[in-house]
Amino acid sequence: MRAVFVLFDSLNRTALGCYGGEQIATPNFDRFARRAITFDKHYVGSLPCMPARRDIHTGRLNFMHRSWGPLEPFDNSMPEILKSAGVYTHLISDHFHYFEDGGATYHSRYRTWEFIRGQEYDPWIAMVEPPIERFKEMYSDRHYNVPTEPKRRQHQINREKIRLEEEYPGPQCFDRAFRFLDDNRGADNWMLHLECFDPHEPFHAPDKYKDAYRTSYNGPILDWPKYAAVRESEVEIAEIRANYAALVAMCDAYLGKLLDYFDGHGLWEDTCLIVTTDHGFLLSEHDWWGKNLTPYYEEISHIPLMVHHPRFAERAGTRVVELTQTTDLMPTMLDIFGRPCPPEVTGRSLLPIIDGAKGPDAIIFGMFGGPVGVTDGEYSYFRYPANLFDEQLGEYTLMPTHMTGFFNSTELKTMSLAHPFDFTKGQKLLRFDALNEARRPPGLDGTKFGAFESAIYHNANDPNQLKPIQDSAVEARLRDAAVRILRGHDAPREYFAWMSLDQTAAISSVQGRK
């Protein structure tokens with residue numbers, strides 16, 4: 001068996017025609033949906049980027065134990081399991097977070113890997129004295145104070161070296177994938193993971209993709225919104241959304257090239273192709289930008305997934321309505337190659353579900369330091385911590401790094417030795433207090449809790465989740481489902497207290513843990 005796993009970043013389900021999107025032309029995503037099996041109730045797990053990838057590697061949620069961080073020494077890793085079983089695993093990516101301190105153990109789990117430089121603030125191009133005044137004229141400074149922010153400045157510097165379409169990192173990723181396929185399509189027993197940072201912000205695409213989405217905006221470049229409440233004018237909002245549309249259009253065009261390659265070389269008969277994303281993105285819906293600060297509305301949590309497997313060729317163009325989520329990708333890939341799942345895996349292979357098996361009755365998703373989302377496919381419940389500053393949330397890790405650096409000295413002073421969890425293979429962990437000197441969680445969510453509160457939505461009647469409802473029976477059912485799932489992931493006892501969930505129902509699974 002062979003498999004190509006394509007992961008786009010921040011690809012909104014509603015941007016795709018095959019999911020009902022009407023604002024962006026996506027002929028090739030739609031074309032693949034006619035060839036593949038499309039999952040209609042596929043959701044995120046742990047958020048955002050690297051926590052999602054830890055889910056993909058390990059097949060279990062991690063947001064209740066850990067914020068953004070590397071794979072741990074005790075973690076299972078899907079590509080490493082396949083590699084150990086004789087399956088050749090190769091990663092091609094321009095996702096530079098793999099090469100920061102908080103993601104540095106992921107890429108090395110593959111047999112081989114390629115990294116394409118230049119996305120976002122990747123520290124790629126060295127420019128000691130950047131043209132700040134020119135940047136001020138080129139990039140919108142109305143709301144973002146762009147030139148004074150080092151990460152945005154690095155992006156502007158990188159962009160100086162990206163002019164032609166073939167110089168953009170996304171097209172380069174696909175070019176490397178075609179080279180891999182040219183060299184290896186005659187071989188068997190391999191998995192190619194093709195991961196594109198696009199259409200993640202900044203929404204930067206060649207002009208030819210923007211032509212279909214021109215707006216009346218006539219100011220500096222405006223393609224990287226802050227994760228914050230909307231402050232832009234209607235014209236500025238339209239411009240940002242148009243730039244996102246252009247980037248999705250480019251992703252669609254290059255997916256089309258991959259589909260052409262499958263057509264031209266007969267790969268459909270013996271090669272799986274999986275296309276999905278890690279999460280969505282708010283493009284001014286709910287009057288917010290981004291994915292971190294709000295409840296995990298449908299635009300963020302409900303994501304696309306399309307799967308082609310030669311075994312299910314007669315099911316082409318059909319749809320699955322069972323609940324699935326990111327953690328299911330790991331056991332699915334092991335199943336494709338006939339490998340058993342480690343006992344720590346909580347996700348489920350998608351192949352039996354394609355064959356008609358039932359999915360779970362509910363799933364949860366979330367971000368460390370943020371609310372927890374629960375859905376049964378009909379209703380969604382976002383539960384915010386009630387005891388934000390009364391309970392001490394802890395981080396459990398053997399790899400004390402955040403996104404771009406080590407834990408600081410204040411955090412390190414809170415370190416204690418914690419008992420093993422049921423997924424750490426008997427290994428004790430280090431526990432760190434997650435609150436900083438200001439008594440705020442380190443994640444982005446904790447600084448914005450005042451803007452939101454727990455809410456329930458009926459997804460069928462209110463697909464845009466604009467009208468929260470009051471229903472104590474639904475709330476109790478989803479709350480109990482969350483407790484059950486958290487217990488199944490051996491969540492720390494303090495997490496239940498922090499979320500004001502029934503601690504007594506969870507003590508048995510975390511007895512004796514601080």
# chains A, B, ... in the order shown; residues from 1 in each chain; ligands from 1
$ residues_around --residues "Cys272 (chain A)" --least-positions-apart "2" --cutoff "12 Å" --atoms "only C-alpha atoms" --output "ChimeraX atom specification"
/A:1-6,35-37,189-193,259,262,266-270,274-275,306-313,332-333,335-337,351
$ write_last_selection --atoms "C-alpha atoms" --output "PDB file, in the first residue's frame"
ATOM      1  CA  MET A   1       0.000   0.000   0.000  1.00  0.00           C
ATOM      2  CA  ARG A   2       1.007   3.629  -0.569  1.00  0.00           C
ATOM      3  CA  ALA A   3      -0.512   6.775   0.904  1.00  0.00           C
ATOM      4  CA  VAL A   4      -0.302  10.528   0.304  1.00  0.00           C
ATOM      5  CA  PHE A   5      -1.464  12.593   3.259  1.00  0.00           C
ATOM      6  CA  VAL A   6      -2.061  16.252   2.343  1.00  0.00           C
ATOM      7  CA  ARG A  35     -13.534  10.788  -6.262  1.00  0.00           C
ATOM      8  CA  ALA A  36     -13.236  10.506  -2.477  1.00  0.00           C
ATOM      9  CA  ILE A  37     -15.381   9.892   0.587  1.00  0.00           C
ATOM     10  CA  ASN A 189       5.003   0.504   1.083  1.00  0.00           C
ATOM     11  CA  TRP A 190       5.493   4.244   1.551  1.00  0.00           C
ATOM     12  CA  MET A 191       3.661   7.209   3.070  1.00  0.00           C
ATOM     13  CA  LEU A 192       4.198  10.766   1.845  1.00  0.00           C
ATOM     14  CA  HIS A 193       3.088  13.525   4.207  1.00  0.00           C
ATOM     15  CA  LEU A 259      -5.010  15.037  -8.895  1.00  0.00           C
ATOM     16  CA  PHE A 262      -2.836  10.610  -9.893  1.00  0.00           C
ATOM     17  CA  GLY A 266      -2.860   5.505 -12.440  1.00  0.00           C
ATOM     18  CA  LEU A 267      -2.262   6.033  -8.718  1.00  0.00           C
ATOM     19  CA  TRP A 268      -5.938   5.812  -7.826  1.00  0.00           C
ATOM     20  CA  GLU A 269      -5.795   2.027  -8.098  1.00  0.00           C
ATOM     21  CA  ASP A 270      -3.131   1.460  -5.443  1.00  0.00           C
ATOM     22  CA  ILE A 274      -6.195  11.948   2.338  1.00  0.00           C
ATOM     23  CA  VAL A 275      -6.828  15.713   2.355  1.00  0.00           C
ATOM     24  CA  MET A 306     -11.787  13.755   2.270  1.00  0.00           C
ATOM     25  CA  VAL A 307     -10.377  10.246   1.899  1.00  0.00           C
ATOM     26  CA  HIS A 308      -9.708   8.120  -1.175  1.00  0.00           C
ATOM     27  CA  HIS A 309      -8.880   4.462  -0.543  1.00  0.00           C
ATOM     28  CA  PRO A 310      -8.711   1.997  -3.466  1.00  0.00           C
ATOM     29  CA  ARG A 311     -10.616  -0.531  -1.355  1.00  0.00           C
ATOM     30  CA  PHE A 312     -13.616   1.829  -1.327  1.00  0.00           C
ATOM     31  CA  ALA A 313     -13.467   2.924  -4.964  1.00  0.00           C
ATOM     32  CA  THR A 332      -6.503   5.286  10.175  1.00  0.00           C
ATOM     33  CA  MET A 333      -3.005   5.522   8.719  1.00  0.00           C
ATOM     34  CA  ASP A 335      -4.936   0.616   9.578  1.00  0.00           C
ATOM     35  CA  ILE A 336      -4.152   1.472   5.950  1.00  0.00           C
ATOM     36  CA  PHE A 337      -0.786  -0.215   6.371  1.00  0.00           C
ATOM     37  CA  LEU A 351     -11.985   2.651   7.595  1.00  0.00           C
TER      38      LEU A 351
END
$ residues_around --residues "Ala25 (chain A)" --least-positions-apart "3" --cutoff "9 Å" --atoms "only C-alpha atoms" --output "JSON, numbers by chain"
{"A": [15, 16, 17, 21, 22, 28, 245, 248, 249, 252]}
$ closest_residue --among "A:Glu165, A:Glu395, A:Glu411, A:Glu344" --to "Leu430 (chain A)" --atoms "only C-alpha atoms"
A:Glu395
$ closest_residue --among "A:Ser10, A:Gln325, A:Thr38, A:Thr375" --to "Pro202 (chain A)" --atoms "only C-alpha atoms"
A:Ser10
$ closest_residue --among "A:Thr324, A:Thr26, A:Ser93, A:Thr401" --to "Leu71 (chain A)" --atoms "only C-alpha atoms"
A:Thr401
$ closest_residue --among "A:Pro463, A:Pro492, A:Pro352, A:Pro420" --to "Gln392 (chain A)" --atoms "only C-alpha atoms"
A:Pro492
$ atom_distance --atom1 "CA of Gly256 (chain A)" --atom2 "CA of His90 (chain A)"
21.2 Å
$ select_by_dssp --residues "region 399-437 of chain A" --states "helix (DSSP H, G or I)" --output "JSON, numbers by chain"
{"A": [409, 410, 411, 412]}
$ write_last_selection --atoms "C-alpha atoms" --output "PDB file, in the first residue's frame"
ATOM      1  CA  SER A 409      12.913  30.677  35.490  1.00  0.00           C
ATOM      2  CA  THR A 410       9.645  31.541  37.258  1.00  0.00           C
ATOM      3  CA  GLU A 411       7.915  28.561  35.680  1.00  0.00           C
ATOM      4  CA  LEU A 412      10.850  26.252  36.364  1.00  0.00           C
TER       5      LEU A 412
END
$ residues_around --residues "region 149-158 of chain A" --least-positions-apart "4" --cutoff "12 Å" --atoms "only C-alpha atoms" --output "PyMOL selection string"
chain A and resi 117-141+144-145+162-163+167-169+201-204+221+223-226+404
$ residues_around --residues "Val483 (chain A)" --least-positions-apart "2" --cutoff "10 Å" --atoms "only C-alpha atoms" --output "PyMOL selection string"
chain A and resi 364+478-481+485-489+491+496+501-503+505-506
